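Engineer: Before I ask anything, let me first share the structure, which is written out below as structure tokens.
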Amino acid sequence: MRPSPLMVSSEIGRLRSVLLHRPGKEVENLTPDLMDRLLFDDIPYLEIARQEHDAFAKILTDRGVEVLYLEDLAAEALEDREVRGRFVEDFLAEGHIPGEGTKAALRELFLGLPVREMVDRMMAGVRRTEVPQGRSRSLADRLDTDNPFAVDPLPNLYFTRDPFATIGTGITLNHMRTETRNRETLFAQYIFRHHPRFRDCTIPLWFDRHETTSLEGGDELILSPEALAIGISQRTDAASVEMLARRIFQDGQTFQTVLAFNIPKKRAFMHLDTVFTMVDRDKFTIHPEIEGPLQVFSLTRRGQDVHIEEEHATLEDVLKRTLGLDRVTLIRCAGSDPVDAPREQWNDGSNTLAIAPGEVVVYSRNYVTNRILQENGITTHVMPSSELSRGRGGPRCMSMPLVRDAV
Ligand SMILES: NC(=[NH2+])NCCC[C@H](N)C(=O)O
């Protein structure tokens, strides 16, 4: 076995390699009736969303970051016909396809395409009108429904942060709260098992997609080689946080502490990284609305066990102690203004992606917060943000680091 090609031991170490997904047809397969189930608040204009996404990727590649695309890795992982066949079966089994006739037609459709087109097609979803008819059709195949899709699109794929997450040299392959996002994790499973870059490598699995409680990458933050912060949120269960801590402590990685942040369970704050991110060694963005109700626990390694304690100090003090710092700065979204802060948080003003200590990618529309970041000595790389933001995720949500330098 080769050593793990993954290494992420902080939120801010110089970014070397990152996984993105360029939005595809799946975004155009949203309709008002589907938005709620598919976790969107509006329908992005695909052409502009792609331009914005390309601008994001260019900021990264211009700074020497290797940008990999989920759709390319998935296609490369599925080169082998036998692996591809199994993938298609798993995909169909989890796709809530109405009947066996539809399933057979989809199988034929997918397996008849060149592999890269097949991947795009699976991500995009298949409309009922696109499924060839005519073969023996069961009752389930013939029922009228109000869903125009034989298999739903996966419009959240461009939020690569969530379905799996790199921690140290391993990953959590996540069990997502919702069915629509759980289907996304199948791509990661096949990539890590079958892609030449990852197969035959020792990549610890801290969490598996078949667990019964949920964990999503937007809740997983790596504060330092010794400490993680994990959100208990609308998407991540407390039991998952404890399980993750136990496994990481037992493996003998460098992590000694997991701070569990119990944040309000609501759409606007779905993950910890929508309200709290790290931008420099001692600087964090935070949305003021979570500061009051925030309950923090520390889970620490005690031999083979996990010791759990509720923190009663201020967030600043907990962070100082955990990171061994004399001072920390919390940079409040839009400076806590009662109108600008919730507006900019809604459009991911607190959701920064650090590409080096003190250097972050941000959305242009959050200009109040961006100015405050600059006043605090943070370098901001500003990307366009009209369309991508409609999916409720910012630069951190749209990226999954695979390798960062040590800080
Ligand atoms: N890491 C994040 N905050 N991701 C945001 C994901 C947004 C996506 N529409 C969802 O609801 O799942």
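If you're wondering about the labels, chains in the structure tokens are A, B, ... by order shown, residues count from 1 in each chain, ligands from 1 in order shown.
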Kindly compile the residues surrounding ligand 1 within 7 Å, counting only C-alpha atoms and all ligand atoms, and format them as an mmCIF file with N, CA and C atoms, in the first residue's frame.

Structural biologist:
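The resulting file, out.cif, is reproduced below:
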```
data_model
loop_
_atom_site.group_PDB
_atom_site.id
_atom_site.type_symbol
_atom_site.label_atom_id
_atom_site.label_comp_id
_atom_site.auth_asym_id
_atom_site.auth_seq_id
_atom_site.Cartn_x
_atom_site.Cartn_y
_atom_site.Cartn_z
ATOM 1 N N LEU A 39 -33.071 21.376 -1.846
ATOM 2 C CA LEU A 39 -32.299 22.298 -1.000
ATOM 3 C C LEU A 39 -31.795 23.549 -1.710
ATOM 4 N N PHE A 40 -32.599 24.071 -2.621
ATOM 5 C CA PHE A 40 -32.276 25.357 -3.242
ATOM 6 C C PHE A 40 -33.348 26.372 -2.889
ATOM 7 N N ASN A 156 -26.786 19.967 -5.811
ATOM 8 C CA ASN A 156 -25.867 20.435 -4.762
ATOM 9 C C ASN A 156 -24.436 19.940 -4.936
ATOM 10 N N PHE A 159 -21.290 21.953 -4.245
ATOM 11 C CA PHE A 159 -20.835 22.149 -2.860
ATOM 12 C C PHE A 159 -20.016 20.924 -2.431
ATOM 13 N N ARG A 161 -17.738 20.513 -0.515
ATOM 14 C CA ARG A 161 -17.314 20.476 0.881
ATOM 15 C C ARG A 161 -18.034 19.403 1.689
ATOM 16 N N ASP A 162 -19.249 19.064 1.272
ATOM 17 C CA ASP A 162 -20.120 18.345 2.199
ATOM 18 C C ASP A 162 -20.132 16.811 2.145
ATOM 19 N N ARG A 181 -28.791 14.595 -0.913
ATOM 20 C CA ARG A 181 -27.345 14.760 -0.781
ATOM 21 C C ARG A 181 -26.651 13.432 -0.488
ATOM 22 N N GLY A 217 -19.767 17.698 5.682
ATOM 23 C CA GLY A 217 -18.454 18.345 5.667
ATOM 24 C C GLY A 217 -18.458 19.820 6.055
ATOM 25 N N GLY A 218 -19.563 20.509 5.800
ATOM 26 C CA GLY A 218 -19.638 21.915 6.186
ATOM 27 C C GLY A 218 -19.537 22.115 7.688
ATOM 28 N N ASP A 219 -19.748 21.039 8.435
ATOM 29 C CA ASP A 219 -19.625 21.117 9.890
ATOM 30 C C ASP A 219 -18.234 20.725 10.386
ATOM 31 N N MET A 270 -27.228 26.216 8.156
ATOM 32 C CA MET A 270 -27.280 24.745 8.083
ATOM 33 C C MET A 270 -26.022 24.039 8.557
ATOM 34 N N HIS A 271 -24.848 24.651 8.303
ATOM 35 C CA HIS A 271 -23.581 24.042 8.741
ATOM 36 C C HIS A 271 -22.780 25.075 9.551
ATOM 37 N N ASP A 273 -19.847 26.019 9.016
ATOM 38 C CA ASP A 273 -19.058 26.936 8.180
ATOM 39 C C ASP A 273 -19.887 28.046 7.542
ATOM 40 N N THR A 274 -21.201 28.054 7.782
ATOM 41 C CA THR A 274 -21.998 29.192 7.314
ATOM 42 C C THR A 274 -21.971 30.330 8.342
ATOM 43 N N GLY A 391 -27.650 28.877 -4.274
ATOM 44 C CA GLY A 391 -27.708 27.534 -3.704
ATOM 45 C C GLY A 391 -27.366 27.515 -2.217
ATOM 46 N N ARG A 392 -27.137 28.689 -1.626
ATOM 47 C CA ARG A 392 -26.803 28.827 -0.207
ATOM 48 C C ARG A 392 -25.466 28.203 0.174
ATOM 49 N N GLY A 393 -24.435 28.603 -0.545
ATOM 50 C CA GLY A 393 -23.100 28.154 -0.163
ATOM 51 C C GLY A 393 -22.073 29.079 -0.782
ATOM 52 N N ARG A 396 -16.063 28.398 0.715
ATOM 53 C CA ARG A 396 -15.657 27.208 1.482
ATOM 54 C C ARG A 396 -16.523 26.010 1.113
ATOM 55 N N CYS A 397 -17.827 26.236 0.986
ATOM 56 C CA CYS A 397 -18.731 25.127 0.635
ATOM 57 C C CYS A 397 -18.409 24.550 -0.737
#
```

Engineer: Could you pull out the strand (DSSP E or B) residues of range 63-155 of chain A from DSSP and send them as an NGL selection string?

Structural biologist: :A and (66-69 or 126-127 or 149-151)

Engineer: What's the 12 Å shell around range 308-310 of chain A, counting only C-alpha atoms, without same-chain residues fewer than 5 positions away, as a ChimeraX atom specification?

Structural biologist: /A:238,241-242,245-246,257-262,294-302,318

Engineer: Need to verify the contact set: Asn376 in chain A, 9 Å, only C-alpha atoms, exclusion of same-chain residues closer than 5 positions in sequence. Can you return it as number ranges by chain?

Structural biologist: A: 283, 329, 331, 371

Engineer: Report the distance between CA of Glu66 in chain A and CA of Cys201 in chain A in Å, rounded to one decimal place.

Structural biologist: 19.7 Å

Engineer: What gap, in Å, lies between CA of Val83 in chain A and CA of Glu108 in chain A?

Structural biologist: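 Result for CA of Val83 in chain A versus CA of Glu108 in chain A: 15.7 Å, one decimal.
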
Engineer: Could you give me the residues within range 135-199 of chain A that DSSP places in helix (DSSP H, G or I), as a PyMOL selection string?

Structural biologist: chain A and resi 139-142+155-158+179-182+185-194

Engineer: Filtering to N, CA and C atoms, could you give me those residues as a JSON list (two decimals), in the first residue's frame?

Structural biologist:
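Below is the file result09.json, written as the result:
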```
[["chain", "number", "residue", "atom", "x", "y", "z"],
["A", 139, "LEU", "N", -46.79, -1.67, -13.34],
["A", 139, "LEU", "CA", -47.73, -0.68, -12.82],
["A", 139, "LEU", "C", -46.98, 0.55, -12.30],
["A", 140, "ALA", "N", -45.90, 0.30, -11.55],
["A", 140, "ALA", "CA", -45.13, 1.42, -10.97],
["A", 140, "ALA", "C", -44.57, 2.33, -12.06],
["A", 141, "ASP", "N", -44.19, 1.75, -13.20],
["A", 141, "ASP", "CA", -43.65, 2.55, -14.29],
["A", 141, "ASP", "C", -44.71, 3.44, -14.93],
["A", 142, "ARG", "N", -45.96, 3.01, -14.83],
["A", 142, "ARG", "CA", -47.02, 3.68, -15.60],
["A", 142, "ARG", "C", -47.78, 4.74, -14.82],
["A", 155, "PRO", "N", -28.34, 18.82, -7.81],
["A", 155, "PRO", "CA", -27.87, 20.20, -8.00],
["A", 155, "PRO", "C", -26.89, 20.70, -6.93],
["A", 156, "ASN", "N", -26.79, 19.97, -5.81],
["A", 156, "ASN", "CA", -25.87, 20.43, -4.76],
["A", 156, "ASN", "C", -24.44, 19.94, -4.94],
["A", 157, "LEU", "N", -24.18, 19.25, -6.05],
["A", 157, "LEU", "CA", -22.83, 18.70, -6.23],
["A", 157, "LEU", "C", -21.73, 19.75, -6.23],
["A", 158, "TYR", "N", -22.08, 20.99, -6.63],
["A", 158, "TYR", "CA", -20.99, 21.98, -6.66],
["A", 158, "TYR", "C", -20.55, 22.40, -5.25],
["A", 179, "GLU", "N", -31.84, 12.72, 1.63],
["A", 179, "GLU", "CA", -31.66, 11.72, 0.59],
["A", 179, "GLU", "C", -30.96, 12.30, -0.64],
["A", 180, "THR", "N", -31.36, 13.51, -1.01],
["A", 180, "THR", "CA", -30.78, 14.09, -2.23],
["A", 180, "THR", "C", -29.27, 14.23, -2.10],
["A", 181, "ARG", "N", -28.79, 14.59, -0.91],
["A", 181, "ARG", "CA", -27.35, 14.76, -0.78],
["A", 181, "ARG", "C", -26.65, 13.43, -0.49],
["A", 182, "ASN", "N", -27.36, 12.50, 0.08],
["A", 182, "ASN", "CA", -26.74, 11.19, 0.33],
["A", 182, "ASN", "C", -26.36, 10.50, -0.98],
["A", 185, "THR", "N", -22.74, 11.04, -2.21],
["A", 185, "THR", "CA", -21.56, 10.43, -1.56],
["A", 185, "THR", "C", -21.11, 9.16, -2.28],
["A", 186, "LEU", "N", -21.98, 8.64, -3.15],
["A", 186, "LEU", "CA", -21.60, 7.45, -3.93],
["A", 186, "LEU", "C", -20.42, 7.77, -4.86],
["A", 187, "PHE", "N", -20.39, 8.98, -5.41],
["A", 187, "PHE", "CA", -19.28, 9.36, -6.30],
["A", 187, "PHE", "C", -17.96, 9.31, -5.52],
["A", 188, "ALA", "N", -17.98, 9.87, -4.31],
["A", 188, "ALA", "CA", -16.75, 9.87, -3.50],
["A", 188, "ALA", "C", -16.33, 8.45, -3.15],
["A", 189, "GLN", "N", -17.31, 7.61, -2.82],
["A", 189, "GLN", "CA", -16.96, 6.23, -2.47],
["A", 189, "GLN", "C", -16.20, 5.55, -3.61],
["A", 190, "TYR", "N", -16.69, 5.69, -4.82],
["A", 190, "TYR", "CA", -16.02, 5.04, -5.95],
["A", 190, "TYR", "C", -14.68, 5.71, -6.27],
["A", 191, "ILE", "N", -14.60, 7.02, -6.11],
["A", 191, "ILE", "CA", -13.33, 7.71, -6.38],
["A", 191, "ILE", "C", -12.25, 7.20, -5.42],
["A", 192, "PHE", "N", -12.57, 7.12, -4.13],
["A", 192, "PHE", "CA", -11.52, 6.71, -3.19],
["A", 192, "PHE", "C", -11.18, 5.22, -3.32],
["A", 193, "ARG", "N", -12.13, 4.42, -3.75],
["A", 193, "ARG", "CA", -11.82, 3.00, -3.91],
["A", 193, "ARG", "C", -11.14, 2.67, -5.23],
["A", 194, "HIS", "N", -11.47, 3.41, -6.29],
["A", 194, "HIS", "CA", -11.07, 2.93, -7.61],
["A", 194, "HIS", "C", -10.21, 3.90, -8.43]]
```

Engineer: Within 7 Å of Leu154 in chain A, counting only C-alpha atoms, which residues show up once you throw out same-chain ones fewer than 6 positions away? Write them as a PyMOL selection string, please.

Structural biologist: chain A and resi 26+123-125+180

Engineer: Write to file, as a PDB file, in the first residue's frame, the residues of the selection just made, with C-alpha atoms.

Structural biologist:
```
ATOM      1  CA  GLU A  26     -28.328  19.480 -12.852  1.00  0.00           C
ATOM      2  CA  MET A 123     -25.369  14.130 -12.116  1.00  0.00           C
ATOM      3  CA  ALA A 124     -27.851  16.043 -14.286  1.00  0.00           C
ATOM      4  CA  GLY A 125     -30.775  13.696 -13.642  1.00  0.00           C
ATOM      5  CA  THR A 180     -30.781  14.094  -2.229  1.00  0.00           C
TER       6      THR A 180
END
```
